[in-house]
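Participant: So that we are looking at the same thing, I have put the structure below in C-alpha cells.
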Amino acid sequence: MAVTIKDVAKAANVAPSTVSRVIADSPRISENTKRKVRTIMEELGYHPNFIARSLASQSTQTLGIVFPNSGNISFQNPFFSEVLRGISEGVNDKHYTLQLTSGKTEDEIYNDVVNMVQGRRVDGIILLYSKKDDKVVDYLRQKKFPFVLIGKPYEDQEQITHVDNDNISAGRDGTKYLLGLGHERIGFIGGNKNLMVTADRLAGYKKALIENQIPIKEEYITHDEFLLEGGQQAIKELMHLSQPPTALLVTDELMALGVLKTVHALGYNVPDNLSIISFNNALFAELATPPLTSIDINIFDLGMEAVKNLILKLENPKEPIKRIIIPHSIIVRKSCERGSHNY
C-alpha cells in the first residue's frame with residue numbers, strides 16, 4: 001500500500017497537519033521539525049501528491065517562463081540556459097514546475113502568455129527580458145497577474161518588481177577599461193535596439209566616451225541579434241570602415257564569438273589588431289580563442305533572485321515592489337591589450 005501523510009505523522013509523532021505544513025515549507029514549522037519529518041518521509045518512501053495539493057489549494061504549482069523569442073533560438077545563447085539554471089535551483093525546494101513559452105513571433109509569445117493566464121496554467125510569470133512598449137507587460141499589469149521582470153522596465157520602474165544589473169555602469173566600466181588601455185577608436189556592438197539591456201549598455205558606453213572627451217562616432221555603433229550570426233554581420237560593417245575601431249565593447253558573449261570568427265577570417269588578429277571585451281562571462285568566454293575578457297553579470301543570480309521574489313509575491317500578495325540589482329565585475333583574460341595597433 002502507498003504511504004500516506006498519516007503514516008508519516010505517526011512515525012514522526014506529529015499531527016498530519018504538521019506534515020502538510022512541512023511539505024509546503026511553512027515558516028510556522030521549526031527547522032528541527034522539518035528535518036525530522038523529511039527524514040521520516042525519506043525512510044518511508046513517501047512522495048507528496050502535488051497535483052492533489054494544487055487542486056485543493058487552487059494553485060498550479062507552476063511558473064511561466066517567457067523568452068524574448070522562440071526557445072530554440074534562445075537556447076543557442078548560453079545566457080538563457082544559465083538563467084534557467086538559477087531559476088530551476090530557486091524552485092527546487094518550493095516544488096514548483098516550469099512552463100516555457102515557445103512562440104517565434106511577438107504575437108505568438110503574447111498569445112502564449114494569454115493562454116497561461118486565462119487558462120490558469122501558471123501561478124506567476126518570469127519574463128527573461130525587458131523591452132520598449134511590451135504588450136506582454138501591459139497585459140500582465142492590466143490583469144494584475146503576479147510577474148517578475150529580468151531587466152529594467154521600460155517605464156513605471158517603481159511599480160514592477162525586477163531583477164537587473166546596473167547596465168549603464170557595466171557599459172561604462174567596460175568602455176573605461178578599453179580607454180585605460182589607450183584605445184580611443186572604440187566600437188559598440190549591441191543587440192536589438194528595443195531591448196532595455198542594449199539601450200542601457202549603449203548609454204554607459206557613450207557616457208564613458210563623453211567623460212574622457214572622446215567624440216562619439218555613430219558609424220562605430222552597430223546593432224544586430226544576440227546570436228553568432230549577429231556578431232559576424234556587425235563586425236563586417238565596422239572593419240570595412242576607412243578607419244575601423246581598434247577595440248570593441250560587445251554586449252553579448254555569443255555575438256563576441258561571431259566577431260572573433262569573422263575578424264580572423266578577415267585577416268586580423270585578436271588582440272594584436274583588435275581588442276574585445278564582451279558581456280555575460282558564461283560558457284564560451286573562457287573557451288574562446290583567445291579567451292575573452294568579459295563583464296560577468298552573474299546570470300545564475302539573476303535567475304535565482306527572480307524566482308525567489310516571484311514566489312514571495314505568490315505567498316504574500318502584499319509583498320512590496322522591489323528593484324534588485326545584481327553586481328557585475330570585469331574578468332580579465334587574453335582578448336585585450338594596449339592600443340598600439342598597426343592598421
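Every chain in the C-alpha cells has a letter given in the order shown (A, B, ...), and although residue numbers restart at 1 in each chain, ligands are simply numbered from 1 in the order shown.
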Please report, as a list of chain:residue names, each residue of segment 122-198 of chain A to which DSSP assigns alpha helix (DSSP H) when run on this structure's backbone.
Facilitator: A:Lys135, A:Val136, A:Val137, A:Asp138, A:Tyr139, A:Leu140, A:Arg141, A:Gln142, A:Lys143, A:Asn167, A:Ile168, A:Ser169, A:Ala170, A:Gly171, A:Arg172, A:Asp173, A:Gly174, A:Thr175, A:Lys176, A:Tyr177, A:Leu178, A:Leu179, A:Gly180, A:Met196, A:Val197, A:Thr198
Participant: Find the nearest atom pair between each residue of segment 67-178 of chain A and segment 186-191 of chain A for residues within 12 Å, count only C-alpha atoms, give distances in Å to one decimal, sort rows by chain and ascending number, and present the table as CSV.
Facilitator:
```
residue,atom,partner,partner_atom,distance
A:Lys131,CA,A:Gly191,CA,11.5
A:Gly171,CA,A:Phe188,CA,9.7
A:Arg172,CA,A:Phe188,CA,11.6
A:Gly174,CA,A:Phe188,CA,10.6
A:Thr175,CA,A:Ile186,CA,7.7
A:Lys176,CA,A:Ile186,CA,10.2
A:Tyr177,CA,A:Ile186,CA,10.9
A:Leu178,CA,A:Ile186,CA,7.7
```
Participant: For the residues selected in the previous step, produce a file with N, CA and C atoms as a compact mmCIF listing (two decimals), in the first residue's frame.
Facilitator:
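Below is the file that was written, result_21.txt:
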```
# COMPACT_ATOMS: atom_id res chain seq x y z
N LYS A 131 11.80 45.05 -22.75
CA LYS A 131 11.92 45.85 -23.97
C LYS A 131 10.91 46.98 -23.97
N GLY A 171 28.25 49.07 -18.92
CA GLY A 171 28.72 49.54 -20.22
C GLY A 171 29.80 50.60 -20.07
N ARG A 172 29.64 51.46 -19.08
CA ARG A 172 30.64 52.50 -18.80
C ARG A 172 31.94 51.86 -18.34
N GLY A 174 33.11 48.80 -18.89
CA GLY A 174 33.78 48.09 -19.98
C GLY A 174 34.49 49.05 -20.92
N THR A 175 33.84 50.17 -21.22
CA THR A 175 34.44 51.17 -22.11
C THR A 175 35.64 51.83 -21.44
N LYS A 176 35.52 52.13 -20.15
CA LYS A 176 36.64 52.73 -19.41
C LYS A 176 37.84 51.79 -19.37
N TYR A 177 37.58 50.49 -19.29
CA TYR A 177 38.69 49.52 -19.29
C TYR A 177 39.48 49.63 -20.60
N LEU A 178 38.77 49.74 -21.72
CA LEU A 178 39.44 49.87 -23.01
C LEU A 178 40.14 51.23 -23.13
```
Participant: Between atom CA of His183 of chain A and atom CA of Met196 of chain A, what is the distance in Å, rounded to a tenth?
Facilitator: 26.6 Å
Participant: Any chance you could tabulate, as CSV, the residues of segment 110-148 of chain A at most 12 Å from segment 164-169 of chain A with each one's nearest atom pair and distance in Å to one decimal, using only C-alpha atoms, in chain and rising number order?
Facilitator:
```
residue,atom,partner,partner_atom,distance
A:Leu127,CA,A:Asp164,CA,11.8
A:Leu128,CA,A:Asp164,CA,10.4
A:Tyr129,CA,A:Asp164,CA,9.8
A:Ser130,CA,A:Asp164,CA,9.8
A:Val148,CA,A:Asp164,CA,10.7
```
Participant: One decimal, in Å: what's the spacing between atom CA of Asp25 of chain A and atom CA of Ile150 of chain A?
Facilitator: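 So the two atoms, atom CA of Asp25 of chain A and atom CA of Ile150 of chain A, lie 25.7 Å apart.
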Participant: Leaving out Lys143 of chain A and any residue of its chain fewer than 5 positions from it, which residues lie within 12 Å of it when counting only C-alpha atoms, given as a ChimeraX atom specification?
Facilitator: /A:113-114,117-118,124,136-138
Participant: For the residues in the current selection, export N, CA, C and O atoms as a PDB file, in the first residue's frame.
Facilitator:
```
ATOM      1  N   VAL A 113       1.280  33.785 -23.456  1.00  0.00           N
ATOM      2  CA  VAL A 113       1.093  34.367 -22.121  1.00  0.00           C
ATOM      3  C   VAL A 113      -0.391  34.462 -21.782  1.00  0.00           C
ATOM      4  O   VAL A 113      -0.815  34.127 -20.669  1.00  0.00           O
ATOM      5  N   VAL A 114      -1.203  34.898 -22.737  1.00  0.00           N
ATOM      6  CA  VAL A 114      -2.647  34.985 -22.506  1.00  0.00           C
ATOM      7  C   VAL A 114      -3.211  33.610 -22.156  1.00  0.00           C
ATOM      8  O   VAL A 114      -4.024  33.466 -21.228  1.00  0.00           O
ATOM      9  N   VAL A 117      -2.326  32.664 -18.588  1.00  0.00           N
ATOM     10  CA  VAL A 117      -3.085  33.409 -17.575  1.00  0.00           C
ATOM     11  C   VAL A 117      -4.556  33.005 -17.585  1.00  0.00           C
ATOM     12  O   VAL A 117      -5.118  32.630 -16.544  1.00  0.00           O
ATOM     13  N   GLN A 118      -5.183  33.073 -18.743  1.00  0.00           N
ATOM     14  CA  GLN A 118      -6.620  32.791 -18.808  1.00  0.00           C
ATOM     15  C   GLN A 118      -6.927  31.321 -18.567  1.00  0.00           C
ATOM     16  O   GLN A 118      -7.985  30.980 -18.030  1.00  0.00           O
ATOM     17  N   GLY A 124       2.330  32.332 -11.616  1.00  0.00           N
ATOM     18  CA  GLY A 124       3.054  33.580 -11.828  1.00  0.00           C
ATOM     19  C   GLY A 124       3.982  33.426 -13.017  1.00  0.00           C
ATOM     20  O   GLY A 124       4.177  32.317 -13.534  1.00  0.00           O
ATOM     21  N   VAL A 136       3.099  42.373 -23.576  1.00  0.00           N
ATOM     22  CA  VAL A 136       3.001  41.318 -22.561  1.00  0.00           C
ATOM     23  C   VAL A 136       2.982  41.939 -21.168  1.00  0.00           C
ATOM     24  O   VAL A 136       2.163  41.576 -20.321  1.00  0.00           O
ATOM     25  N   VAL A 137       3.893  42.877 -20.927  1.00  0.00           N
ATOM     26  CA  VAL A 137       3.923  43.564 -19.632  1.00  0.00           C
ATOM     27  C   VAL A 137       2.625  44.325 -19.409  1.00  0.00           C
ATOM     28  O   VAL A 137       2.040  44.284 -18.317  1.00  0.00           O
ATOM     29  N   ASP A 138       2.151  45.017 -20.440  1.00  0.00           N
ATOM     30  CA  ASP A 138       0.887  45.762 -20.319  1.00  0.00           C
ATOM     31  C   ASP A 138      -0.257  44.827 -19.940  1.00  0.00           C
ATOM     32  O   ASP A 138      -1.098  45.157 -19.090  1.00  0.00           O
TER      33      ASP A 138
END
```
Participant: Just how far from atom CA of Gln232 of chain A is atom CA of Gly258 of chain A, in Å to one decimal?
Facilitator: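 Pair atom CA of Gly258 of chain A / atom CA of Gln232 of chain A returns 4.6 Å.
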Participant: Under the rule of at most 12 Å, produce a per-residue listing of segment 9-93 of chain A near segment 313-322 of chain A: chain, number, name, the closest pair of atoms, and the distance in Å, as JSON lines, using only C-alpha atoms.
Facilitator:
```
{"residue": "A:Ala24", "atom": "CA", "partner": "A:Glu315", "partner_atom": "CA", "distance": 10.8}
{"residue": "A:Asp25", "atom": "CA", "partner": "A:Glu315", "partner_atom": "CA", "distance": 11.2}
{"residue": "A:Ser26", "atom": "CA", "partner": "A:Glu315", "partner_atom": "CA", "distance": 10.1}
{"residue": "A:Pro27", "atom": "CA", "partner": "A:Glu315", "partner_atom": "CA", "distance": 11.0}
{"residue": "A:Ser59", "atom": "CA", "partner": "A:Leu314", "partner_atom": "CA", "distance": 9.9}
{"residue": "A:Thr60", "atom": "CA", "partner": "A:Leu314", "partner_atom": "CA", "distance": 11.5}
{"residue": "A:Gln61", "atom": "CA", "partner": "A:Leu314", "partner_atom": "CA", "distance": 10.2}
{"residue": "A:Thr62", "atom": "CA", "partner": "A:Leu314", "partner_atom": "CA", "distance": 11.2}
{"residue": "A:Leu63", "atom": "CA", "partner": "A:Leu314", "partner_atom": "CA", "distance": 10.4}
```
Participant: Using the chain letters and numbers from this document, which residues of segment 158-268 of chain A does DSSP assign to strand (DSSP E or B), as a PyMOL selection string?
Facilitator: chain A and resi 162-164+186-190+195+221-223+247-250
Participant: Name the closest residue to His264 of chain A among the candidates A:Leu241, A:Leu249, A:Thr289, A:Lys334; distances are taken between atoms, counting only C-alpha atoms.
Facilitator: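 Under the stated criterion, the closest residue is A:Thr289.
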Participant: Skip segment 218-230 of chain A itself and residues of its chain fewer than 2 positions away, then list as a PyMOL selection string all residues within 9 Å of it, counting only C-alpha atoms.
Facilitator: chain A and resi 73-74+76-77+185-193+198+202+216+232-235+237-238+241+244-245+251-259
Participant: Ranking A:Glu82, A:Asp173, A:Asp112, A:Asp123 by minimum distance to Leu98 of chain A and counting only C-alpha atoms, which one comes first?
Facilitator: A:Asp123
Participant: Measuring atom to atom with only C-alpha atoms, identify which of A:Ile65, A:Ser17, A:Ile311, A:Glu337 is nearest to Asn92 of chain A.
Facilitator: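 The closest residue to Asn92 of chain A is A:Ile311.
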Participant: Just checking: using only C-alpha atoms, which residue out of A:Gly103, A:Gly204, A:Gly303, A:Pro153 ends up closest to Ile87 of chain A?
Facilitator: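 Closest residue, counting only C-alpha atoms: A:Gly303.
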Participant: Any idea what's packed within 10 Å of Thr39 of chain A, counting only C-alpha atoms, ignoring anything in its chain fewer than 6 positions away? Could you give it as a list in words?
Facilitator: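 Residues meeting the cut-off are Val8, Ala12, Thr33 and Gly45 of chain A.
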Participant: Those selected residues, please, written with C-alpha atoms and delivered as a compact mmCIF listing (two decimals), in the first residue's frame.
Facilitator:
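part_16.txt was written with the following content:
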```
# COMPACT_ATOMS: atom_id res chain seq x y z
CA VAL A 8 4.43 9.84 8.22
CA ALA A 12 7.31 11.29 13.33
CA THR A 33 10.74 19.59 12.95
CA GLY A 45 9.42 6.39 0.78
```
Participant: Restricting the calculation to only C-alpha atoms: of A:Val163, A:Met41, A:Ile324, A:Val250, which residue gets closest to Ala11 of chain A?
Facilitator: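 When distances to Ala11 of chain A are compared using only C-alpha atoms, the smallest one comes from A:Met41.
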